[in-house]
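Engineer: Sharing a structure here in structure tokens format.
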Amino acid sequence: MDKELKGTILALATALVSGISVVSNKYFIVDIDTKVFTAIRSIAIGFAFVLMILFSKKKIVVKKLDWKALAVIGIIGGGLAFMLFFSGLKLTTAGRAGFLHKTLPLYVTLLAVIFLKEKVSRGQLKALLVMLGGLFIMSLSSLTLSLALGDLLVIAATVLWAVENVIAKKSIKAGSSSLIVSASRMLIGGLFLLAALMLLGDLNALLSLSATQMRNIIISTVLLFLYVLFYYWSLQYINVSKAASLLLLAPVITLIASMIFLSEQPPLLQYCGSALILAGSLFLIKAKGLEEHPI
């Protein structure tokens with residue numbers, strides 16, 4: 001299969017998992033501290049990736065790995081960004097936080113052009129702006145002109161995730177496999193969150209989980225595992241700017257899934273915004289995001 005096509009399909013699979021996850025959370029709501037929840041999932045997924053690496057036929061030269069970059073990916077992407085995001089989420093609405101988080105491709109594209117020297121065509125840039133315009137229309141009901149502290153924390157988290165995306169892409173280009181990057185992101189990030197929770201004395205919720213909560217955590221963990229697997233795998237074949245931009249399809253998938261499984265009837269603006277996102281995605285899928293020497 002063509003590498004460009006393979007990377008694009010993996011990025012689209014990531015958006016599909018992301019969109020479905022939002023709907024599944026309405027069925028499987030885990031009523032424990034979100035930071036504890038995230039730490040548990042991250043550590044479990046991190047170990048799952050470690051097992052995949054150990055059973056992989058590909059030999060890994062440990063000395064050649066950029067451990068500093070992998071540690072930064074885990075700490076800022078898997079740990080600090082989550083803490084900022086959940087802290088901001090407590091101070092703002094879910095709709096505003098969701099919109100601000102979905103502006104991630106804009107920061108990723110800017111950083112990728114500056115630090116990775118990625119070539120972003122006018123067509124790709126226009127497609128991204130059309131999709132962001134669609135996202136804005138979909139989120140109009142939850143937006144205001146003012147930015148509160150919670151919004152700023154969410155923006156800070158989103159920028160950190162963009163930085164992590166660019167470092168991850170650079171690490172993959174340098175020779176680290178997507179499995180190694182994924183394992184570092186989740187395991188180091190989870191351990192960072194766990195250490196922070198221990199210092200804050202917020203681990204009580206971990207010791208009193210019910211069977212239902214454990215079941216819900218497992219379901220959510222599987223979905224997040226697939227998200228991380230598909231996304232970082234896609235970075236082996238296409239530019240991070242294109243991969244991140246395709247994630248903007250997630251709100252449309254959530255809309256469709258909500259209509260099918262939850263019998264929800266979204267307002268007209270949701271349809272208009274979705275149409276723009278779909279139109280932009282068609283142009284984006286055709287855009288070339290292939291690296292000169294993909295790993």
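Just so we're on the same page: first chain in the structure tokens is A, next is B, and so on; residues restart at 1 for each chain, and ligands are numbered from 1 in the order they show up.
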Report as a compact mmCIF listing (two decimals) with N, CA and C atoms, in the first residue's frame: the residues of region 69-238 of chain A with a DSSP assignment of alpha helix (DSSP H), based on the backbone of this structure.

Structural biologist:
```
# COMPACT_ATOMS: atom_id res chain seq x y z
N ALA A 69 14.48 13.26 24.59
CA ALA A 69 13.28 13.60 23.82
C ALA A 69 12.10 12.75 24.26
N LEU A 70 12.35 11.45 24.47
CA LEU A 70 11.27 10.55 24.88
C LEU A 70 10.73 10.93 26.27
N ALA A 71 11.65 11.37 27.16
CA ALA A 71 11.22 11.79 28.49
C ALA A 71 10.39 13.07 28.41
N VAL A 72 10.79 13.99 27.54
CA VAL A 72 10.03 15.24 27.36
C VAL A 72 8.64 14.93 26.80
N ALA A 81 0.52 18.38 30.41
CA ALA A 81 -0.58 18.91 29.60
C ALA A 81 -1.93 18.43 30.13
N PHE A 82 -2.00 17.17 30.56
CA PHE A 82 -3.25 16.64 31.11
C PHE A 82 -3.63 17.37 32.40
N MET A 83 -2.64 17.65 33.23
CA MET A 83 -2.92 18.35 34.49
C MET A 83 -3.46 19.75 34.22
N LEU A 84 -2.87 20.44 33.26
CA LEU A 84 -3.34 21.78 32.91
C LEU A 84 -4.74 21.72 32.31
N PHE A 85 -4.97 20.73 31.45
CA PHE A 85 -6.27 20.60 30.79
C PHE A 85 -7.39 20.36 31.80
N PHE A 86 -7.17 19.40 32.71
CA PHE A 86 -8.23 19.07 33.67
C PHE A 86 -8.42 20.19 34.70
N SER A 87 -7.35 20.91 35.00
CA SER A 87 -7.47 22.07 35.90
C SER A 87 -8.30 23.15 35.22
N GLY A 88 -8.05 23.35 33.92
CA GLY A 88 -8.81 24.34 33.17
C GLY A 88 -10.26 23.94 32.98
N LEU A 89 -10.48 22.63 32.81
CA LEU A 89 -11.83 22.12 32.59
C LEU A 89 -12.74 22.40 33.79
N ALA A 94 -17.38 22.55 29.22
CA ALA A 94 -16.87 21.45 28.40
C ALA A 94 -16.85 21.85 26.92
N GLY A 95 -17.86 22.63 26.49
CA GLY A 95 -17.93 23.06 25.10
C GLY A 95 -16.77 23.96 24.71
N ARG A 96 -16.48 24.92 25.58
CA ARG A 96 -15.36 25.84 25.31
C ARG A 96 -14.03 25.08 25.32
N ALA A 97 -13.87 24.19 26.31
CA ALA A 97 -12.64 23.42 26.42
C ALA A 97 -12.46 22.53 25.19
N GLY A 98 -13.57 21.94 24.73
CA GLY A 98 -13.51 21.08 23.55
C GLY A 98 -13.09 21.85 22.31
N PHE A 99 -13.65 23.05 22.14
CA PHE A 99 -13.30 23.87 20.98
C PHE A 99 -11.83 24.27 21.03
N LEU A 100 -11.38 24.77 22.19
CA LEU A 100 -10.00 25.22 22.32
C LEU A 100 -9.02 24.07 22.11
N HIS A 101 -9.38 22.89 22.59
CA HIS A 101 -8.50 21.73 22.39
C HIS A 101 -8.42 21.34 20.92
N LEU A 104 -5.78 22.39 18.17
CA LEU A 104 -4.44 21.76 18.19
C LEU A 104 -3.76 21.74 16.82
N PRO A 105 -4.46 21.36 15.73
CA PRO A 105 -3.78 21.30 14.42
C PRO A 105 -3.16 22.62 13.99
N LEU A 106 -3.75 23.73 14.41
CA LEU A 106 -3.21 25.04 14.04
C LEU A 106 -1.82 25.23 14.65
N TYR A 107 -1.68 24.90 15.93
CA TYR A 107 -0.38 25.02 16.60
C TYR A 107 0.61 23.99 16.07
N VAL A 108 0.13 22.79 15.82
CA VAL A 108 1.01 21.73 15.30
C VAL A 108 1.57 22.13 13.94
N THR A 109 0.71 22.65 13.07
CA THR A 109 1.15 23.05 11.73
C THR A 109 2.18 24.15 11.80
N LEU A 110 1.94 25.16 12.64
CA LEU A 110 2.88 26.27 12.79
C LEU A 110 4.24 25.78 13.30
N LEU A 111 4.23 24.95 14.35
CA LEU A 111 5.47 24.44 14.91
C LEU A 111 6.20 23.49 13.96
N ALA A 112 5.42 22.71 13.21
CA ALA A 112 6.02 21.77 12.26
C ALA A 112 6.74 22.50 11.14
N VAL A 113 6.15 23.59 10.68
CA VAL A 113 6.78 24.39 9.62
C VAL A 113 8.07 25.03 10.13
N ILE A 114 8.05 25.52 11.37
CA ILE A 114 9.21 26.22 11.93
C ILE A 114 10.33 25.26 12.31
N PHE A 115 9.99 24.19 13.03
CA PHE A 115 11.02 23.32 13.61
C PHE A 115 11.31 22.05 12.82
N ARG A 122 -0.54 25.36 -0.09
CA ARG A 122 -1.68 26.28 0.06
C ARG A 122 -2.98 25.52 0.17
N GLY A 123 -3.07 24.41 -0.57
CA GLY A 123 -4.28 23.60 -0.51
C GLY A 123 -4.50 23.00 0.86
N GLN A 124 -3.41 22.51 1.47
CA GLN A 124 -3.52 21.94 2.81
C GLN A 124 -3.90 23.00 3.82
N LEU A 125 -3.29 24.19 3.68
CA LEU A 125 -3.59 25.28 4.61
C LEU A 125 -5.03 25.75 4.48
N LYS A 126 -5.51 25.87 3.23
CA LYS A 126 -6.90 26.26 3.01
C LYS A 126 -7.86 25.22 3.59
N ALA A 127 -7.52 23.95 3.40
CA ALA A 127 -8.37 22.87 3.93
C ALA A 127 -8.45 22.94 5.45
N LEU A 128 -7.30 23.21 6.10
CA LEU A 128 -7.26 23.33 7.56
C LEU A 128 -8.13 24.50 8.03
N LEU A 129 -8.03 25.64 7.35
CA LEU A 129 -8.80 26.82 7.74
C LEU A 129 -10.30 26.59 7.55
N VAL A 130 -10.66 25.89 6.48
CA VAL A 130 -12.08 25.56 6.26
C VAL A 130 -12.59 24.66 7.37
N MET A 131 -11.80 23.66 7.76
CA MET A 131 -12.20 22.73 8.82
C MET A 131 -12.30 23.45 10.17
N LEU A 132 -11.37 24.35 10.44
CA LEU A 132 -11.42 25.13 11.68
C LEU A 132 -12.66 26.04 11.68
N GLY A 133 -12.98 26.57 10.48
CA GLY A 133 -14.20 27.38 10.37
C GLY A 133 -15.44 26.55 10.68
N GLY A 134 -15.46 25.32 10.20
CA GLY A 134 -16.57 24.42 10.50
C GLY A 134 -16.65 24.11 11.98
N LEU A 135 -15.49 23.90 12.60
CA LEU A 135 -15.45 23.64 14.05
C LEU A 135 -15.98 24.84 14.82
N PHE A 136 -15.62 26.05 14.37
CA PHE A 136 -16.08 27.27 15.03
C PHE A 136 -17.61 27.36 14.96
N ILE A 137 -18.17 27.06 13.80
CA ILE A 137 -19.64 27.11 13.65
C ILE A 137 -20.31 26.08 14.55
N MET A 138 -19.73 24.88 14.63
CA MET A 138 -20.30 23.83 15.47
C MET A 138 -20.27 24.21 16.95
N LEU A 149 -9.55 32.23 33.15
CA LEU A 149 -8.36 31.47 33.54
C LEU A 149 -8.45 30.02 33.06
N GLY A 150 -9.63 29.43 33.17
CA GLY A 150 -9.81 28.05 32.72
C GLY A 150 -9.51 27.89 31.24
N ASP A 151 -9.94 28.86 30.44
CA ASP A 151 -9.68 28.83 29.00
C ASP A 151 -8.18 28.91 28.71
N LEU A 152 -7.49 29.78 29.44
CA LEU A 152 -6.04 29.94 29.26
C LEU A 152 -5.29 28.67 29.61
N LEU A 153 -5.75 27.98 30.65
CA LEU A 153 -5.10 26.71 31.04
C LEU A 153 -5.31 25.66 29.96
N VAL A 154 -6.49 25.61 29.37
CA VAL A 154 -6.76 24.66 28.28
C VAL A 154 -5.91 24.99 27.06
N ILE A 155 -5.77 26.28 26.76
CA ILE A 155 -4.92 26.70 25.64
C ILE A 155 -3.47 26.30 25.90
N ALA A 156 -3.00 26.51 27.13
CA ALA A 156 -1.63 26.13 27.49
C ALA A 156 -1.42 24.64 27.31
N ALA A 157 -2.41 23.84 27.73
CA ALA A 157 -2.32 22.38 27.57
C ALA A 157 -2.27 22.01 26.09
N THR A 158 -3.08 22.68 25.28
CA THR A 158 -3.14 22.38 23.85
C THR A 158 -1.81 22.71 23.17
N VAL A 159 -1.20 23.82 23.56
CA VAL A 159 0.11 24.19 23.01
C VAL A 159 1.16 23.15 23.40
N LEU A 160 1.11 22.69 24.65
CA LEU A 160 2.05 21.65 25.08
C LEU A 160 1.86 20.36 24.29
N TRP A 161 0.61 20.00 24.01
CA TRP A 161 0.37 18.81 23.18
C TRP A 161 0.90 19.00 21.77
N ALA A 162 0.82 20.23 21.26
CA ALA A 162 1.37 20.52 19.93
C ALA A 162 2.89 20.36 19.94
N VAL A 163 3.52 20.87 20.98
CA VAL A 163 4.98 20.72 21.13
C VAL A 163 5.35 19.24 21.19
N GLU A 164 4.57 18.49 21.97
CA GLU A 164 4.82 17.05 22.11
C GLU A 164 4.67 16.35 20.76
N ASN A 165 3.67 16.72 19.97
CA ASN A 165 3.45 16.13 18.65
C ASN A 165 4.67 16.33 17.75
N VAL A 166 5.20 17.54 17.78
CA VAL A 166 6.35 17.87 16.92
C VAL A 166 7.60 17.12 17.38
N ILE A 167 7.81 17.03 18.69
CA ILE A 167 8.96 16.28 19.20
C ILE A 167 8.82 14.79 18.87
N ALA A 168 7.59 14.28 18.96
CA ALA A 168 7.33 12.87 18.63
C ALA A 168 7.66 12.61 17.16
N LYS A 169 7.22 13.50 16.28
CA LYS A 169 7.51 13.34 14.86
C LYS A 169 9.03 13.38 14.62
N LYS A 170 9.70 14.30 15.29
CA LYS A 170 11.16 14.40 15.13
C LYS A 170 11.85 13.13 15.62
N SER A 171 11.37 12.56 16.72
CA SER A 171 11.95 11.33 17.26
C SER A 171 11.75 10.17 16.31
N ILE A 172 10.57 10.10 15.69
CA ILE A 172 10.30 9.04 14.73
C ILE A 172 11.19 9.18 13.49
N LYS A 173 11.38 10.41 13.04
CA LYS A 173 12.27 10.66 11.90
C LYS A 173 13.70 10.27 12.23
N ALA A 174 14.08 10.42 13.52
CA ALA A 174 15.45 10.12 13.95
C ALA A 174 15.69 8.63 14.15
N SER A 178 7.20 4.15 16.25
CA SER A 178 6.00 4.72 16.83
C SER A 178 5.63 4.02 18.14
N LEU A 179 5.97 2.73 18.26
CA LEU A 179 5.69 2.00 19.50
C LEU A 179 6.50 2.55 20.67
N ILE A 180 7.76 2.88 20.41
CA ILE A 180 8.62 3.43 21.47
C ILE A 180 8.12 4.80 21.90
N VAL A 181 7.76 5.62 20.92
CA VAL A 181 7.24 6.95 21.24
C VAL A 181 5.93 6.83 22.02
N SER A 182 5.06 5.92 21.59
CA SER A 182 3.78 5.72 22.28
C SER A 182 3.98 5.25 23.71
N ALA A 183 4.89 4.28 23.88
CA ALA A 183 5.17 3.75 25.22
C ALA A 183 5.71 4.84 26.13
N GLY A 189 4.32 9.56 31.14
CA GLY A 189 3.27 10.51 31.50
C GLY A 189 2.41 10.01 32.64
N GLY A 190 2.05 8.72 32.61
CA GLY A 190 1.24 8.14 33.68
C GLY A 190 1.96 8.13 35.02
N LEU A 191 3.25 7.80 34.98
CA LEU A 191 4.04 7.79 36.21
C LEU A 191 4.21 9.21 36.76
N PHE A 192 4.33 10.18 35.84
CA PHE A 192 4.43 11.59 36.25
C PHE A 192 3.15 12.02 36.97
N LEU A 193 2.00 11.65 36.38
CA LEU A 193 0.71 11.99 37.00
C LEU A 193 0.55 11.28 38.34
N LEU A 194 0.96 10.02 38.40
CA LEU A 194 0.84 9.25 39.64
C LEU A 194 1.68 9.87 40.75
N ALA A 195 2.89 10.29 40.40
CA ALA A 195 3.77 10.94 41.39
C ALA A 195 3.16 12.25 41.88
N ALA A 196 2.58 13.02 40.95
CA ALA A 196 1.95 14.28 41.32
C ALA A 196 0.76 14.04 42.25
N LEU A 197 -0.02 13.01 41.96
CA LEU A 197 -1.18 12.68 42.79
C LEU A 197 -0.76 12.22 44.18
N MET A 198 0.35 11.51 44.25
CA MET A 198 0.87 11.07 45.55
C MET A 198 1.29 12.27 46.39
N LEU A 199 1.94 13.23 45.74
CA LEU A 199 2.38 14.44 46.45
C LEU A 199 1.18 15.27 46.92
N LEU A 200 0.10 15.25 46.12
CA LEU A 200 -1.10 16.03 46.46
C LEU A 200 -2.05 15.26 47.38
N ALA A 211 -16.39 -2.54 40.97
CA ALA A 211 -16.27 -3.40 39.79
C ALA A 211 -16.77 -2.69 38.54
N THR A 212 -17.85 -1.93 38.68
CA THR A 212 -18.39 -1.18 37.54
C THR A 212 -17.41 -0.13 37.06
N GLN A 213 -16.78 0.57 38.00
CA GLN A 213 -15.80 1.58 37.63
C GLN A 213 -14.60 0.94 36.92
N MET A 214 -14.15 -0.21 37.40
CA MET A 214 -13.03 -0.90 36.77
C MET A 214 -13.39 -1.32 35.34
N ARG A 215 -14.63 -1.80 35.16
CA ARG A 215 -15.08 -2.19 33.82
C ARG A 215 -15.06 -0.99 32.88
N ASN A 216 -15.56 0.13 33.36
CA ASN A 216 -15.61 1.34 32.55
C ASN A 216 -14.21 1.85 32.22
N ILE A 217 -13.30 1.74 33.18
CA ILE A 217 -11.92 2.15 32.94
C ILE A 217 -11.29 1.29 31.85
N ILE A 218 -11.56 -0.01 31.88
CA ILE A 218 -11.00 -0.92 30.89
C ILE A 218 -11.50 -0.56 29.49
N ILE A 219 -12.81 -0.29 29.37
CA ILE A 219 -13.38 0.08 28.06
C ILE A 219 -12.74 1.36 27.55
N SER A 220 -12.64 2.35 28.42
CA SER A 220 -12.04 3.62 28.04
C SER A 220 -10.56 3.46 27.69
N THR A 221 -9.88 2.58 28.42
CA THR A 221 -8.45 2.34 28.19
C THR A 221 -8.22 1.72 26.82
N VAL A 222 -9.08 0.79 26.43
CA VAL A 222 -8.95 0.16 25.11
C VAL A 222 -9.09 1.19 23.99
N LEU A 223 -10.07 2.09 24.13
CA LEU A 223 -10.28 3.12 23.12
C LEU A 223 -9.07 4.07 23.04
N LEU A 224 -8.54 4.46 24.20
CA LEU A 224 -7.38 5.35 24.20
C LEU A 224 -6.15 4.64 23.63
N PHE A 225 -6.01 3.36 23.91
CA PHE A 225 -4.90 2.58 23.36
C PHE A 225 -4.95 2.61 21.83
N LEU A 226 -6.13 2.40 21.26
CA LEU A 226 -6.28 2.42 19.81
C LEU A 226 -5.98 3.80 19.24
N TYR A 227 -6.43 4.84 19.95
CA TYR A 227 -6.17 6.22 19.51
C TYR A 227 -4.67 6.47 19.42
N VAL A 228 -3.94 6.16 20.48
CA VAL A 228 -2.49 6.39 20.52
C VAL A 228 -1.78 5.53 19.48
N LEU A 229 -2.18 4.27 19.38
CA LEU A 229 -1.56 3.35 18.42
C LEU A 229 -1.68 3.87 17.00
N PHE A 230 -2.90 4.22 16.60
CA PHE A 230 -3.13 4.66 15.22
C PHE A 230 -2.46 6.00 14.93
N TYR A 231 -2.53 6.94 15.90
CA TYR A 231 -2.01 8.29 15.63
C TYR A 231 -0.49 8.30 15.45
N TYR A 232 0.24 7.72 16.41
CA TYR A 232 1.70 7.75 16.30
C TYR A 232 2.20 6.85 15.19
N TRP A 233 1.43 5.83 14.85
CA TRP A 233 1.76 4.98 13.71
C TRP A 233 1.66 5.79 12.43
N SER A 234 0.64 6.65 12.34
CA SER A 234 0.46 7.48 11.15
C SER A 234 1.63 8.43 10.94
```

Engineer: Nearest residue to Thr8 (chain A) out of A:Ser121, A:Pro267, A:Gly273, A:Gln236, using only C-alpha atoms?

Structural biologist: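 The closest residue to Thr8 (chain A) is A:Gln236.
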
Engineer: Excluding region 247-253 of chain A and residues on its chain fewer than 2 positions from it, collect all residues at most 8 Å away from it, counting only C-alpha atoms, and give them as a PDB file with N, CA and C atoms, in the first residue's frame.

Structural biologist:
```pdb
ATOM      1  N   ALA A  11      -4.503   7.991  10.261  1.00  0.00           N
ATOM      2  CA  ALA A  11      -4.954   9.238  10.879  1.00  0.00           C
ATOM      3  C   ALA A  11      -6.480   9.307  10.912  1.00  0.00           C
ATOM      4  N   LEU A  12      -7.121   8.829   9.834  1.00  0.00           N
ATOM      5  CA  LEU A  12      -8.586   8.796   9.800  1.00  0.00           C
ATOM      6  C   LEU A  12      -9.131   7.813  10.842  1.00  0.00           C
ATOM      7  N   THR A  14      -7.725   7.198  13.641  1.00  0.00           N
ATOM      8  CA  THR A  14      -7.569   7.904  14.916  1.00  0.00           C
ATOM      9  C   THR A  14      -8.759   8.822  15.165  1.00  0.00           C
ATOM     10  N   ALA A  15      -9.153   9.567  14.137  1.00  0.00           N
ATOM     11  CA  ALA A  15     -10.304  10.467  14.263  1.00  0.00           C
ATOM     12  C   ALA A  15     -11.578   9.677  14.555  1.00  0.00           C
ATOM     13  N   LEU A  16     -11.716   8.511  13.928  1.00  0.00           N
ATOM     14  CA  LEU A  16     -12.891   7.663  14.158  1.00  0.00           C
ATOM     15  C   LEU A  16     -12.962   7.217  15.613  1.00  0.00           C
ATOM     16  N   VAL A  17     -11.831   6.749  16.145  1.00  0.00           N
ATOM     17  CA  VAL A  17     -11.790   6.315  17.540  1.00  0.00           C
ATOM     18  C   VAL A  17     -12.081   7.481  18.479  1.00  0.00           C
ATOM     19  N   SER A  18     -11.510   8.648  18.168  1.00  0.00           N
ATOM     20  CA  SER A  18     -11.722   9.836  18.989  1.00  0.00           C
ATOM     21  C   SER A  18     -13.193  10.230  19.016  1.00  0.00           C
ATOM     22  N   GLY A  19     -13.825  10.222  17.855  1.00  0.00           N
ATOM     23  CA  GLY A  19     -15.233  10.604  17.781  1.00  0.00           C
ATOM     24  C   GLY A  19     -16.140   9.635  18.517  1.00  0.00           C
ATOM     25  N   ILE A  20     -15.865   8.341  18.386  1.00  0.00           N
ATOM     26  CA  ILE A  20     -16.666   7.323  19.074  1.00  0.00           C
ATOM     27  C   ILE A  20     -16.459   7.382  20.575  1.00  0.00           C
ATOM     28  N   LYS A 102      -9.533  21.486  20.199  1.00  0.00           N
ATOM     29  CA  LYS A 102      -9.559  21.096  18.785  1.00  0.00           C
ATOM     30  C   LYS A 102      -8.790  22.081  17.895  1.00  0.00           C
ATOM     31  N   PRO A 105      -4.456  21.359  15.728  1.00  0.00           N
ATOM     32  CA  PRO A 105      -3.782  21.302  14.419  1.00  0.00           C
ATOM     33  C   PRO A 105      -3.162  22.619  13.989  1.00  0.00           C
ATOM     34  N   MET A 131     -11.796  23.660   7.755  1.00  0.00           N
ATOM     35  CA  MET A 131     -12.195  22.735   8.819  1.00  0.00           C
ATOM     36  C   MET A 131     -12.296  23.451  10.166  1.00  0.00           C
ATOM     37  N   LEU A 132     -11.366  24.353  10.439  1.00  0.00           N
ATOM     38  CA  LEU A 132     -11.425  25.129  11.679  1.00  0.00           C
ATOM     39  C   LEU A 132     -12.658  26.044  11.675  1.00  0.00           C
ATOM     40  N   LEU A 135     -15.489  23.899  12.603  1.00  0.00           N
ATOM     41  CA  LEU A 135     -15.449  23.639  14.047  1.00  0.00           C
ATOM     42  C   LEU A 135     -15.985  24.837  14.820  1.00  0.00           C
ATOM     43  N   ALA A 243      -1.555  14.838   9.782  1.00  0.00           N
ATOM     44  CA  ALA A 243      -2.151  13.874  10.717  1.00  0.00           C
ATOM     45  C   ALA A 243      -2.997  14.583  11.766  1.00  0.00           C
ATOM     46  N   ALA A 244      -2.457  15.664  12.337  1.00  0.00           N
ATOM     47  CA  ALA A 244      -3.185  16.401  13.372  1.00  0.00           C
ATOM     48  C   ALA A 244      -4.430  17.068  12.794  1.00  0.00           C
ATOM     49  N   SER A 245      -4.339  17.580  11.575  1.00  0.00           N
ATOM     50  CA  SER A 245      -5.481  18.265  10.956  1.00  0.00           C
ATOM     51  C   SER A 245      -6.639  17.311  10.703  1.00  0.00           C
ATOM     52  N   LEU A 255     -20.951  13.586  16.166  1.00  0.00           N
ATOM     53  CA  LEU A 255     -22.301  14.032  15.804  1.00  0.00           C
ATOM     54  C   LEU A 255     -23.106  12.889  15.184  1.00  0.00           C
ATOM     55  N   ILE A 256     -22.491  12.192  14.236  1.00  0.00           N
ATOM     56  CA  ILE A 256     -23.176  11.087  13.556  1.00  0.00           C
ATOM     57  C   ILE A 256     -23.479   9.949  14.532  1.00  0.00           C
ATOM     58  N   ALA A 257     -22.494   9.605  15.362  1.00  0.00           N
ATOM     59  CA  ALA A 257     -22.680   8.521  16.331  1.00  0.00           C
ATOM     60  C   ALA A 257     -23.762   8.867  17.353  1.00  0.00           C
ATOM     61  N   SER A 274     -20.403  20.768  10.279  1.00  0.00           N
ATOM     62  CA  SER A 274     -19.960  19.434   9.855  1.00  0.00           C
ATOM     63  C   SER A 274     -19.710  19.385   8.354  1.00  0.00           C
ATOM     64  N   ILE A 277     -16.378  20.943   7.643  1.00  0.00           N
ATOM     65  CA  ILE A 277     -15.286  20.059   8.056  1.00  0.00           C
ATOM     66  C   ILE A 277     -15.103  18.919   7.055  1.00  0.00           C
ATOM     67  N   LEU A 278     -16.198  18.340   6.607  1.00  0.00           N
ATOM     68  CA  LEU A 278     -16.124  17.252   5.633  1.00  0.00           C
ATOM     69  C   LEU A 278     -15.550  17.744   4.306  1.00  0.00           C
ATOM     70  N   SER A 281     -11.878  18.254   4.742  1.00  0.00           N
ATOM     71  CA  SER A 281     -11.165  16.983   4.897  1.00  0.00           C
ATOM     72  C   SER A 281     -10.926  16.303   3.555  1.00  0.00           C
TER      73      SER A 281
END
```
